[in-house]
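J.: Sending over query-v2.cif (mmCIF, C-alpha atoms).
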```cif
data_work
loop_
_atom_site.group_PDB
_atom_site.id
_atom_site.type_symbol
_atom_site.label_atom_id
_atom_site.label_comp_id
_atom_site.auth_asym_id
_atom_site.auth_seq_id
_atom_site.Cartn_x
_atom_site.Cartn_y
_atom_site.Cartn_z
ATOM 1 C CA MET A 184 -10.037 4.236 -18.197
ATOM 2 C CA VAL A 185 -9.638 1.003 -16.244
ATOM 3 C CA ASP A 186 -8.110 -0.627 -19.332
ATOM 4 C CA ALA A 187 -5.321 1.969 -19.437
ATOM 5 C CA LEU A 188 -4.783 1.512 -15.700
ATOM 6 C CA LEU A 189 -4.511 -2.266 -15.983
ATOM 7 C CA GLU A 190 -2.161 -1.844 -18.936
ATOM 8 C CA ALA A 191 0.097 0.349 -16.757
ATOM 9 C CA ASN A 192 -0.112 -2.244 -14.000
ATOM 10 C CA ASP A 193 0.841 -5.006 -16.456
ATOM 11 C CA ALA A 194 3.710 -2.850 -17.717
ATOM 12 C CA PHE A 195 5.087 -2.783 -14.181
ATOM 13 C CA TYR A 196 5.228 -6.586 -13.946
ATOM 14 C CA ARG A 197 6.562 -6.891 -17.493
ATOM 15 C CA ALA A 198 9.410 -4.512 -16.601
ATOM 16 C CA PHE A 199 9.990 -6.468 -13.379
ATOM 17 C CA GLU A 200 10.084 -9.853 -15.184
ATOM 18 C CA GLN A 201 12.354 -8.541 -17.906
ATOM 19 C CA ALA A 202 14.552 -6.584 -15.454
ATOM 20 C CA ASP A 203 14.005 -3.626 -17.781
ATOM 21 C CA LEU A 204 15.238 -0.491 -16.019
ATOM 22 C CA ASP A 205 14.264 1.810 -18.883
ATOM 23 C CA ALA A 206 10.675 0.559 -18.858
ATOM 24 C CA MET A 207 10.539 0.812 -15.052
ATOM 25 C CA SER A 208 11.899 4.358 -15.192
ATOM 26 C CA ASP A 209 9.382 5.307 -17.875
ATOM 27 C CA LEU A 210 6.493 3.989 -15.772
ATOM 28 C CA TRP A 211 7.286 5.706 -12.462
ATOM 29 C CA LEU A 212 6.729 9.366 -11.806
ATOM 30 C CA HIS A 213 10.141 10.909 -11.050
ATOM 31 C CA GLU A 214 9.060 12.889 -8.008
ATOM 32 C CA ASP A 215 9.955 13.145 -4.336
ATOM 33 C CA HIS A 216 6.545 11.870 -3.203
ATOM 34 C CA VAL A 217 6.817 8.430 -4.820
ATOM 35 C CA ALA A 218 7.435 5.530 -2.447
ATOM 36 C CA CYS A 219 8.226 1.846 -2.721
ATOM 37 C CA THR A 220 8.177 -0.896 -0.084
ATOM 38 C CA HIS A 221 9.632 -4.224 -1.179
ATOM 39 C CA PRO A 222 8.719 -7.260 0.989
ATOM 40 C CA GLY A 223 10.584 -6.993 4.304
ATOM 41 C CA TRP A 224 12.228 -3.710 3.322
ATOM 42 C CA ALA A 225 11.843 -0.305 4.886
ATOM 43 C CA THR A 226 9.934 2.140 2.682
ATOM 44 C CA LEU A 227 12.035 3.991 0.121
ATOM 45 C CA HIS A 228 10.975 7.596 -0.477
ATOM 46 C CA GLY A 229 11.589 9.570 -3.678
ATOM 47 C CA TRP A 230 12.449 8.427 -7.181
ATOM 48 C CA GLY A 231 16.201 8.470 -6.465
ATOM 49 C CA ALA A 232 15.981 5.830 -3.741
ATOM 50 C CA VAL A 233 13.263 3.880 -5.555
ATOM 51 C CA SER A 234 15.226 3.701 -8.809
ATOM 52 C CA ALA A 235 18.345 2.581 -6.935
ATOM 53 C CA SER A 236 16.346 -0.334 -5.516
ATOM 54 C CA TRP A 237 15.396 -1.475 -9.011
ATOM 55 C CA VAL A 238 19.042 -1.307 -10.066
ATOM 56 C CA ALA A 239 19.938 -3.485 -7.060
ATOM 57 C CA LEU A 240 17.096 -5.953 -7.607
ATOM 58 C CA PHE A 241 17.721 -6.265 -11.330
ATOM 59 C CA SER A 242 21.445 -6.875 -10.821
ATOM 60 C CA GLY A 243 20.560 -9.961 -8.755
ATOM 61 C CA GLY A 244 20.287 -11.875 -12.019
ATOM 62 C CA ARG A 245 17.469 -14.087 -10.751
ATOM 63 C CA PRO A 246 14.617 -14.103 -13.241
ATOM 64 C CA MET A 247 11.169 -13.888 -11.703
ATOM 65 C CA GLN A 248 7.805 -14.761 -13.102
ATOM 66 C CA PHE A 249 4.580 -13.246 -11.808
ATOM 67 C CA ILE A 250 1.130 -14.747 -12.002
ATOM 68 C CA LEU A 251 -1.332 -12.064 -10.909
ATOM 69 C CA THR A 252 -4.577 -12.985 -9.147
ATOM 70 C CA GLN A 253 -7.310 -11.106 -7.241
ATOM 71 C CA VAL A 254 -6.586 -8.016 -9.334
ATOM 72 C CA ARG A 255 -8.871 -5.225 -8.034
ATOM 73 C CA PRO A 256 -8.576 -1.809 -9.721
ATOM 74 C CA THR A 257 -10.141 1.392 -8.345
ATOM 75 C CA VAL A 258 -10.112 4.743 -10.148
ATOM 76 C CA VAL A 259 -10.979 8.002 -8.367
ATOM 77 C CA GLY A 260 -10.281 11.057 -10.507
ATOM 78 C CA ASP A 261 -6.603 11.245 -11.374
ATOM 79 C CA VAL A 262 -5.546 8.618 -8.849
ATOM 80 C CA ALA A 263 -6.001 4.884 -9.106
ATOM 81 C CA TRP A 264 -4.822 1.881 -7.214
ATOM 82 C CA VAL A 265 -4.668 -1.834 -7.915
ATOM 83 C CA ALA A 266 -4.706 -4.329 -5.050
ATOM 84 C CA LEU A 267 -3.588 -7.771 -6.155
ATOM 85 C CA ASP A 268 -1.735 -10.957 -5.314
ATOM 86 C CA GLU A 269 1.631 -11.549 -6.950
ATOM 87 C CA ASN A 270 2.193 -15.281 -7.227
ATOM 88 C CA LEU A 271 5.928 -15.439 -7.740
ATOM 89 C CA ILE A 272 7.940 -18.188 -9.279
ATOM 90 C CA ALA A 273 11.722 -17.777 -9.045
ATOM 91 C CA GLY A 274 13.553 -20.997 -9.814
ATOM 92 C CA ASP A 275 12.197 -23.721 -7.512
ATOM 93 C CA ASP A 276 10.733 -21.197 -5.096
ATOM 94 C CA ALA A 277 7.099 -20.129 -5.234
ATOM 95 C CA HIS A 278 5.328 -17.779 -2.889
ATOM 96 C CA THR A 279 2.633 -15.113 -2.750
ATOM 97 C CA VAL A 280 3.115 -11.409 -2.197
ATOM 98 C CA ALA A 281 0.130 -9.189 -1.385
ATOM 99 C CA ALA A 282 0.633 -5.881 -3.149
ATOM 100 C CA VAL A 283 -0.886 -2.528 -3.879
ATOM 101 C CA ASN A 284 0.172 -0.304 -6.748
ATOM 102 C CA VAL A 285 -0.883 3.345 -6.765
ATOM 103 C CA PHE A 286 -0.919 5.383 -9.962
ATOM 104 C CA GLN A 287 -1.353 9.082 -10.694
ATOM 105 C CA ARG A 288 -2.605 10.317 -14.063
ATOM 106 C CA VAL A 289 -0.204 12.952 -15.363
ATOM 107 C CA GLY A 290 -0.424 14.251 -18.931
ATOM 108 C CA GLY A 291 -3.014 11.594 -19.735
ATOM 109 C CA ARG A 292 -0.783 8.692 -18.635
ATOM 110 C CA TRP A 293 -1.020 6.521 -15.541
ATOM 111 C CA ARG A 294 2.323 6.836 -13.789
ATOM 112 C CA MET A 295 3.300 4.721 -10.812
ATOM 113 C CA VAL A 296 3.690 6.605 -7.534
ATOM 114 C CA LEU A 297 3.636 3.827 -4.932
ATOM 115 C CA HIS A 298 4.276 0.100 -4.721
ATOM 116 C CA HIS A 299 3.952 -1.867 -1.496
ATOM 117 C CA GLY A 300 4.443 -5.616 -1.415
ATOM 118 C CA SER A 301 4.464 -7.979 1.564
ATOM 119 C CA GLY A 302 4.879 -11.717 1.855
ATOM 120 C CA VAL A 303 1.793 -13.730 2.764
ATOM 121 C CA ALA A 304 2.542 -16.208 5.530
ATOM 122 C CA SER A 305 1.626 -19.784 4.681
ATOM 123 C CA ALA A 306 -1.571 -20.959 6.366
ATOM 124 C CA MET B 115 -6.305 19.953 3.479
ATOM 125 C CA VAL B 116 -3.239 18.047 4.658
ATOM 126 C CA ASP B 117 -4.182 18.814 8.278
ATOM 127 C CA ALA B 118 -7.549 17.071 7.863
ATOM 128 C CA LEU B 119 -5.796 14.142 6.194
ATOM 129 C CA LEU B 120 -3.271 13.765 9.001
ATOM 130 C CA GLU B 121 -6.094 14.036 11.533
ATOM 131 C CA ALA B 122 -7.856 11.121 9.785
ATOM 132 C CA ASN B 123 -4.579 9.197 9.765
ATOM 133 C CA ASP B 124 -4.120 9.863 13.504
ATOM 134 C CA ALA B 125 -7.726 8.785 14.123
ATOM 135 C CA PHE B 126 -6.858 5.406 12.595
ATOM 136 C CA TYR B 127 -4.014 4.794 15.037
ATOM 137 C CA ARG B 128 -6.042 6.130 17.961
ATOM 138 C CA ALA B 129 -8.842 3.663 17.126
ATOM 139 C CA PHE B 130 -6.219 0.900 16.766
ATOM 140 C CA GLU B 131 -4.580 1.702 20.129
ATOM 141 C CA GLN B 132 -7.912 1.973 21.896
ATOM 142 C CA ALA B 133 -9.351 -1.110 20.129
ATOM 143 C CA ASP B 134 -12.320 1.127 19.305
ATOM 144 C CA LEU B 135 -14.463 -0.657 16.716
ATOM 145 C CA ASP B 136 -16.978 2.189 16.446
ATOM 146 C CA ALA B 137 -14.239 4.713 15.664
ATOM 147 C CA MET B 138 -12.635 2.298 13.172
ATOM 148 C CA SER B 139 -16.004 1.726 11.498
ATOM 149 C CA ASP B 140 -16.663 5.458 11.327
ATOM 150 C CA LEU B 141 -13.308 6.063 9.665
ATOM 151 C CA TRP B 142 -13.473 3.439 6.910
ATOM 152 C CA LEU B 143 -15.613 3.763 3.820
ATOM 153 C CA HIS B 144 -18.111 0.888 3.879
ATOM 154 C CA GLU B 145 -17.657 -0.163 0.269
ATOM 155 C CA ASP B 146 -16.651 -3.241 -1.694
ATOM 156 C CA HIS B 147 -13.499 -1.583 -3.052
ATOM 157 C CA VAL B 148 -11.813 -1.031 0.324
ATOM 158 C CA ALA B 149 -8.908 -3.348 1.111
ATOM 159 C CA CYS B 150 -6.697 -4.097 4.088
ATOM 160 C CA THR B 151 -3.465 -6.072 4.328
ATOM 161 C CA HIS B 152 -2.220 -6.734 7.847
ATOM 162 C CA PRO B 153 1.457 -7.795 8.163
ATOM 163 C CA GLY B 154 1.822 -11.356 6.867
ATOM 164 C CA TRP B 155 -1.870 -11.618 5.995
ATOM 165 C CA ALA B 156 -3.496 -12.043 2.619
ATOM 166 C CA THR B 157 -5.342 -8.931 1.453
ATOM 167 C CA LEU B 158 -8.916 -8.608 2.688
ATOM 168 C CA HIS B 159 -11.322 -7.089 0.173
ATOM 169 C CA GLY B 160 -14.528 -5.207 1.029
ATOM 170 C CA TRP B 161 -15.680 -3.632 4.261
ATOM 171 C CA GLY B 162 -17.261 -6.869 5.498
ATOM 172 C CA ALA B 163 -13.979 -8.776 5.520
ATOM 173 C CA VAL B 164 -11.996 -5.749 6.687
ATOM 174 C CA SER B 165 -14.306 -5.053 9.626
ATOM 175 C CA ALA B 166 -14.198 -8.719 10.660
ATOM 176 C CA SER B 167 -10.405 -8.461 10.864
ATOM 177 C CA TRP B 168 -10.653 -5.535 13.278
ATOM 178 C CA VAL B 169 -13.070 -7.507 15.437
ATOM 179 C CA ALA B 170 -10.569 -10.384 15.490
ATOM 180 C CA LEU B 171 -7.555 -8.156 16.176
ATOM 181 C CA PHE B 172 -9.314 -6.166 18.894
ATOM 182 C CA SER B 173 -10.493 -9.322 20.670
ATOM 183 C CA GLY B 174 -6.846 -10.328 21.081
ATOM 184 C CA GLY B 175 -6.741 -8.140 24.163
ATOM 185 C CA ARG B 176 -3.137 -7.108 23.615
ATOM 186 C CA PRO B 177 -2.818 -3.347 23.831
ATOM 187 C CA MET B 178 -0.563 -1.792 21.227
ATOM 188 C CA GLN B 179 1.129 1.539 21.130
ATOM 189 C CA PHE B 180 2.212 3.205 17.910
ATOM 190 C CA ILE B 181 4.950 5.759 17.478
ATOM 191 C CA LEU B 182 4.693 7.106 13.935
ATOM 192 C CA THR B 183 7.778 8.241 12.037
ATOM 193 C CA GLN B 184 8.608 9.168 8.434
ATOM 194 C CA VAL B 185 5.017 10.334 7.928
ATOM 195 C CA ARG B 186 4.680 11.413 4.273
ATOM 196 C CA PRO B 187 1.257 12.638 3.130
ATOM 197 C CA THR B 188 0.274 13.185 -0.520
ATOM 198 C CA VAL B 189 -3.037 14.685 -1.663
ATOM 199 C CA VAL B 190 -4.206 14.449 -5.287
ATOM 200 C CA GLY B 191 -7.779 15.646 -5.737
ATOM 201 C CA ASP B 192 -10.151 13.525 -3.690
ATOM 202 C CA VAL B 193 -7.587 10.807 -2.965
ATOM 203 C CA ALA B 194 -4.712 10.959 -0.525
ATOM 204 C CA TRP B 195 -2.225 8.548 0.880
ATOM 205 C CA VAL B 196 0.127 8.559 3.828
ATOM 206 C CA ALA B 197 3.283 6.436 3.765
ATOM 207 C CA LEU B 198 4.781 6.016 7.223
ATOM 208 C CA ASP B 199 6.591 3.779 9.683
ATOM 209 C CA GLU B 200 4.605 2.318 12.557
ATOM 210 C CA ASN B 201 6.961 1.741 15.461
ATOM 211 C CA LEU B 202 4.989 -0.698 17.557
ATOM 212 C CA ILE B 203 5.332 -1.439 21.194
ATOM 213 C CA ALA B 204 3.252 -4.347 22.498
ATOM 214 C CA GLY B 205 4.376 -5.507 25.919
ATOM 215 C CA ASP B 206 8.109 -6.291 25.727
ATOM 216 C CA ASP B 207 8.047 -6.576 21.959
ATOM 217 C CA ALA B 208 9.008 -3.678 19.702
ATOM 218 C CA HIS B 209 9.206 -3.717 15.945
ATOM 219 C CA THR B 210 8.639 -1.558 12.886
ATOM 220 C CA VAL B 211 5.899 -1.926 10.298
ATOM 221 C CA ALA B 212 6.118 -0.045 7.002
ATOM 222 C CA ALA B 213 2.623 1.072 6.079
ATOM 223 C CA VAL B 214 0.569 3.004 3.588
ATOM 224 C CA ASN B 215 -2.895 4.341 4.300
ATOM 225 C CA VAL B 216 -5.084 5.472 1.399
ATOM 226 C CA PHE B 217 -8.018 7.829 1.935
ATOM 227 C CA GLN B 218 -10.865 8.977 -0.287
ATOM 228 C CA ARG B 219 -12.667 12.277 0.333
ATOM 229 C CA VAL B 220 -16.399 11.603 0.435
ATOM 230 C CA GLY B 221 -18.867 14.253 1.602
ATOM 231 C CA GLY B 222 -15.970 16.463 2.668
ATOM 232 C CA ARG B 223 -14.443 13.809 4.957
ATOM 233 C CA TRP B 224 -11.336 11.726 4.460
ATOM 234 C CA ARG B 225 -12.436 8.099 4.701
ATOM 235 C CA MET B 226 -10.012 5.187 4.766
ATOM 236 C CA VAL B 227 -10.121 2.898 1.752
ATOM 237 C CA LEU B 228 -6.865 0.951 2.030
ATOM 238 C CA HIS B 229 -4.336 -0.011 4.674
ATOM 239 C CA HIS B 230 -1.271 -2.101 3.910
ATOM 240 C CA GLY B 231 1.309 -2.885 6.577
ATOM 241 C CA SER B 232 4.382 -5.105 6.393
ATOM 242 C CA GLY B 233 7.072 -5.954 8.875
ATOM 243 C CA VAL B 234 10.512 -4.474 8.295
ATOM 244 C CA ALA B 235 13.228 -7.101 8.632
ATOM 245 C CA SER B 236 15.958 -6.217 11.116
ATOM 246 C CA ALA B 237 19.167 -5.084 9.461
#
```
Rewrite the coordinates I just gave you, this time as structure tokens.
T.:
Amino acid sequence: MVDALLEANDAFYRAFEQADLDAMSDLWLHEDHVACTHPGWATLHGWGAVSASWVALFSGGRPMQFILTQVRPTVVGDVAWVALDENLIAGDDAHTVAAVNVFQRVGGRWRMVLHHGSGVASA
Amino acid sequence: MVDALLEANDAFYRAFEQADLDAMSDLWLHEDHVACTHPGWATLHGWGAVSASWVALFSGGRPMQFILTQVRPTVVGDVAWVALDENLIAGDDAHTVAAVNVFQRVGGRWRMVLHHGSGVASA
């Protein structure tokens, strides 16, 4: 159960790294209750607004690489969440984003329903 | 069901405003899988680290007032989450924090298991 959850979580970062809109769309639940908060952004509600943000981010043309650490999965019934650190490398820039990804199991598949990332201030 | 969830969510902000450690402790599940990410902070894992952060924040002596907007609750079985905007007023300073609060129903009560807040950059 946790394996399938972590695979869904990995699929999210793979889609992000590859700027793969189809994979991102396949992963997220297309419902009004999904929400996404990119670092420094206001929260986007509903799949329409969330998908538009991926279109905007992926058109930036700046490849990103994620190294995930402190990955902590929790499963409770048909909901699961993964708290983790995204260590991002984009060109010469490197920084850490604290994130939580929430998934809902629908039709036997873990589908993403919430992503919230926020920059960690340097010590 | 949503009423009880929103009451638990309100209890969180009431405890925050009143710097009430007992109320905050009563609300959170005291387990290793709870997590809390304050704006700009790294994620704290486990009730020990999370509770220590409330002690530190509440000893700051700076009263805060929250006006909550865009409150969107979702309940799936024994897990629920509330995505919302925290409009904070602390002295002369006012700013908005995008937040998600995750709750787990244990013994018929909604207990907090995750809080993640991040500052929204001014447009």
J.: Could you please give me, as a PDB file with C-alpha atoms, in the coordinates of the input, the residues of protein, DNA or RNA lying at most 8 Å from (-5.1, 0.3, -14.9) in the coordinate frame of the file, considering all atoms listed in the file?
T.:
```pdb
ATOM      1  CA  MET A 184     -10.037   4.236 -18.197  1.00  0.00           C
ATOM      2  CA  VAL A 185      -9.638   1.003 -16.244  1.00  0.00           C
ATOM      3  CA  ASP A 186      -8.110  -0.627 -19.332  1.00  0.00           C
ATOM      4  CA  ALA A 187      -5.321   1.969 -19.437  1.00  0.00           C
ATOM      5  CA  LEU A 188      -4.783   1.512 -15.700  1.00  0.00           C
ATOM      6  CA  LEU A 189      -4.511  -2.266 -15.983  1.00  0.00           C
ATOM      7  CA  GLU A 190      -2.161  -1.844 -18.936  1.00  0.00           C
ATOM      8  CA  ALA A 191       0.097   0.349 -16.757  1.00  0.00           C
ATOM      9  CA  ASN A 192      -0.112  -2.244 -14.000  1.00  0.00           C
ATOM     10  CA  PRO A 256      -8.576  -1.809  -9.721  1.00  0.00           C
ATOM     11  CA  ALA A 263      -6.001   4.884  -9.106  1.00  0.00           C
ATOM     12  CA  TRP A 264      -4.822   1.881  -7.214  1.00  0.00           C
ATOM     13  CA  VAL A 265      -4.668  -1.834  -7.915  1.00  0.00           C
ATOM     14  CA  TRP A 293      -1.020   6.521 -15.541  1.00  0.00           C
TER      15      TRP A 293
END
```
J.: Could you list the residues in chain A lying within 9 Å of chain B, using only C-alpha atoms, and format the result as an NGL selection string?
T.: :A and (216 or 218 or 220 or 222-226 or 228 or 255-257 or 259-263 or 266-268 or 279-283 or 287 or 299-305)
J.: Hey, can you check how far CA of Arg197 (chain A) sits from CA of Glu269 (chain A)?
T.: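 Separation between CA of Arg197 (chain A) and CA of Glu269 (chain A): 12.5 Å.
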J.: Which residues would end up in the selection if the PyMOL selection byres ((chain A and resi 209) around 12) were applied here, given that I need the answer as a PDB file with C-alpha atoms, in the frame of the given file?
T.:
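So the final result, stored in expr-v4.pdb, reads:
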```
ATOM      1  CA  ALA A 191       0.097   0.349 -16.757  1.00  0.00           C
ATOM      2  CA  ALA A 194       3.710  -2.850 -17.717  1.00  0.00           C
ATOM      3  CA  PHE A 195       5.087  -2.783 -14.181  1.00  0.00           C
ATOM      4  CA  ALA A 198       9.410  -4.512 -16.601  1.00  0.00           C
ATOM      5  CA  ASP A 203      14.005  -3.626 -17.781  1.00  0.00           C
ATOM      6  CA  LEU A 204      15.238  -0.491 -16.019  1.00  0.00           C
ATOM      7  CA  ASP A 205      14.264   1.810 -18.883  1.00  0.00           C
ATOM      8  CA  ALA A 206      10.675   0.559 -18.858  1.00  0.00           C
ATOM      9  CA  MET A 207      10.539   0.812 -15.052  1.00  0.00           C
ATOM     10  CA  SER A 208      11.899   4.358 -15.192  1.00  0.00           C
ATOM     11  CA  LEU A 210       6.493   3.989 -15.772  1.00  0.00           C
ATOM     12  CA  TRP A 211       7.286   5.706 -12.462  1.00  0.00           C
ATOM     13  CA  LEU A 212       6.729   9.366 -11.806  1.00  0.00           C
ATOM     14  CA  HIS A 213      10.141  10.909 -11.050  1.00  0.00           C
ATOM     15  CA  TRP A 230      12.449   8.427  -7.181  1.00  0.00           C
ATOM     16  CA  SER A 234      15.226   3.701  -8.809  1.00  0.00           C
ATOM     17  CA  ARG A 292      -0.783   8.692 -18.635  1.00  0.00           C
ATOM     18  CA  TRP A 293      -1.020   6.521 -15.541  1.00  0.00           C
ATOM     19  CA  ARG A 294       2.323   6.836 -13.789  1.00  0.00           C
ATOM     20  CA  MET A 295       3.300   4.721 -10.812  1.00  0.00           C
ATOM     21  CA  VAL A 296       3.690   6.605  -7.534  1.00  0.00           C
TER      22      VAL A 296
END
```
J.: After a least-squares superposition on chain A over all sequentially paired C-alpha atoms, what is chain B as a compact mmCIF listing (two decimals) with C-alpha atoms, in the frame of the given file?
T.:
```
# COMPACT_ATOMS: atom_id res chain seq x y z
CA MET B 115 -10.05 4.24 -18.19
CA VAL B 116 -9.64 1.01 -16.24
CA ASP B 117 -8.11 -0.63 -19.33
CA ALA B 118 -5.33 1.97 -19.44
CA LEU B 119 -4.79 1.51 -15.71
CA LEU B 120 -4.50 -2.26 -15.99
CA GLU B 121 -2.16 -1.83 -18.95
CA ALA B 122 0.10 0.36 -16.76
CA ASN B 123 -0.13 -2.24 -14.00
CA ASP B 124 0.83 -5.00 -16.46
CA ALA B 125 3.71 -2.85 -17.73
CA PHE B 126 5.09 -2.79 -14.18
CA TYR B 127 5.22 -6.58 -13.95
CA ARG B 128 6.56 -6.90 -17.49
CA ALA B 129 9.41 -4.51 -16.61
CA PHE B 130 9.99 -6.47 -13.38
CA GLU B 131 10.09 -9.85 -15.18
CA GLN B 132 12.35 -8.53 -17.91
CA ALA B 133 14.55 -6.58 -15.45
CA ASP B 134 14.01 -3.62 -17.79
CA LEU B 135 15.23 -0.48 -16.02
CA ASP B 136 14.26 1.83 -18.89
CA ALA B 137 10.67 0.56 -18.87
CA MET B 138 10.54 0.80 -15.06
CA SER B 139 11.89 4.36 -15.20
CA ASP B 140 9.38 5.31 -17.87
CA LEU B 141 6.51 3.99 -15.78
CA TRP B 142 7.29 5.70 -12.47
CA LEU B 143 6.73 9.37 -11.80
CA HIS B 144 10.14 10.91 -11.05
CA GLU B 145 9.06 12.87 -8.00
CA ASP B 146 9.96 13.14 -4.33
CA HIS B 147 6.54 11.87 -3.20
CA VAL B 148 6.81 8.43 -4.82
CA ALA B 149 7.43 5.53 -2.44
CA CYS B 150 8.22 1.85 -2.72
CA THR B 151 8.17 -0.89 -0.09
CA HIS B 152 9.63 -4.22 -1.19
CA PRO B 153 8.72 -7.25 0.98
CA GLY B 154 10.59 -7.00 4.29
CA TRP B 155 12.23 -3.71 3.32
CA ALA B 156 11.84 -0.30 4.88
CA THR B 157 9.94 2.14 2.68
CA LEU B 158 12.04 3.99 0.12
CA HIS B 159 10.98 7.59 -0.48
CA GLY B 160 11.58 9.57 -3.68
CA TRP B 161 12.44 8.42 -7.18
CA GLY B 162 16.18 8.46 -6.47
CA ALA B 163 15.96 5.84 -3.74
CA VAL B 164 13.26 3.88 -5.55
CA SER B 165 15.22 3.70 -8.81
CA ALA B 166 18.34 2.59 -6.93
CA SER B 167 16.35 -0.33 -5.52
CA TRP B 168 15.40 -1.48 -9.02
CA VAL B 169 19.03 -1.31 -10.08
CA ALA B 170 19.94 -3.47 -7.07
CA LEU B 171 17.09 -5.95 -7.60
CA PHE B 172 17.72 -6.27 -11.34
CA SER B 173 21.44 -6.88 -10.82
CA GLY B 174 20.55 -9.95 -8.76
CA GLY B 175 20.27 -11.87 -12.00
CA ARG B 176 17.46 -14.07 -10.74
CA PRO B 177 14.61 -14.09 -13.23
CA MET B 178 11.16 -13.88 -11.70
CA GLN B 179 7.81 -14.75 -13.10
CA PHE B 180 4.58 -13.26 -11.80
CA ILE B 181 1.13 -14.75 -12.01
CA LEU B 182 -1.33 -12.08 -10.92
CA THR B 183 -4.57 -12.99 -9.15
CA GLN B 184 -7.29 -11.12 -7.25
CA VAL B 185 -6.59 -8.01 -9.34
CA ARG B 186 -8.86 -5.23 -8.03
CA PRO B 187 -8.57 -1.82 -9.71
CA THR B 188 -10.13 1.39 -8.34
CA VAL B 189 -10.10 4.75 -10.15
CA VAL B 190 -10.97 8.00 -8.36
CA GLY B 191 -10.28 11.06 -10.50
CA ASP B 192 -6.60 11.25 -11.37
CA VAL B 193 -5.54 8.61 -8.84
CA ALA B 194 -5.99 4.88 -9.10
CA TRP B 195 -4.82 1.87 -7.21
CA VAL B 196 -4.68 -1.83 -7.92
CA ALA B 197 -4.71 -4.33 -5.05
CA LEU B 198 -3.59 -7.78 -6.15
CA ASP B 199 -1.73 -10.97 -5.32
CA GLU B 200 1.64 -11.55 -6.95
CA ASN B 201 2.19 -15.28 -7.23
CA LEU B 202 5.93 -15.45 -7.74
CA ILE B 203 7.94 -18.19 -9.26
CA ALA B 204 11.72 -17.80 -9.04
CA GLY B 205 13.56 -21.02 -9.80
CA ASP B 206 12.18 -23.73 -7.48
CA ASP B 207 10.73 -21.20 -5.08
CA ALA B 208 7.09 -20.13 -5.23
CA HIS B 209 5.33 -17.78 -2.88
CA THR B 210 2.64 -15.12 -2.75
CA VAL B 211 3.11 -11.41 -2.20
CA ALA B 212 0.13 -9.20 -1.39
CA ALA B 213 0.63 -5.89 -3.15
CA VAL B 214 -0.89 -2.53 -3.88
CA ASN B 215 0.17 -0.31 -6.75
CA VAL B 216 -0.88 3.35 -6.76
CA PHE B 217 -0.92 5.39 -9.97
CA GLN B 218 -1.35 9.08 -10.69
CA ARG B 219 -2.61 10.32 -14.07
CA VAL B 220 -0.20 12.95 -15.36
CA GLY B 221 -0.40 14.25 -18.93
CA GLY B 222 -3.01 11.61 -19.73
CA ARG B 223 -0.78 8.70 -18.64
CA TRP B 224 -1.01 6.53 -15.56
CA ARG B 225 2.33 6.84 -13.79
CA MET B 226 3.31 4.73 -10.80
CA VAL B 227 3.70 6.60 -7.53
CA LEU B 228 3.64 3.82 -4.93
CA HIS B 229 4.28 0.10 -4.73
CA HIS B 230 3.95 -1.86 -1.50
CA GLY B 231 4.44 -5.62 -1.41
CA SER B 232 4.47 -7.99 1.56
CA GLY B 233 4.87 -11.71 1.86
CA VAL B 234 1.80 -13.73 2.77
CA ALA B 235 2.54 -16.21 5.54
CA SER B 236 1.63 -19.80 4.70
CA ALA B 237 -1.55 -20.97 6.37
```
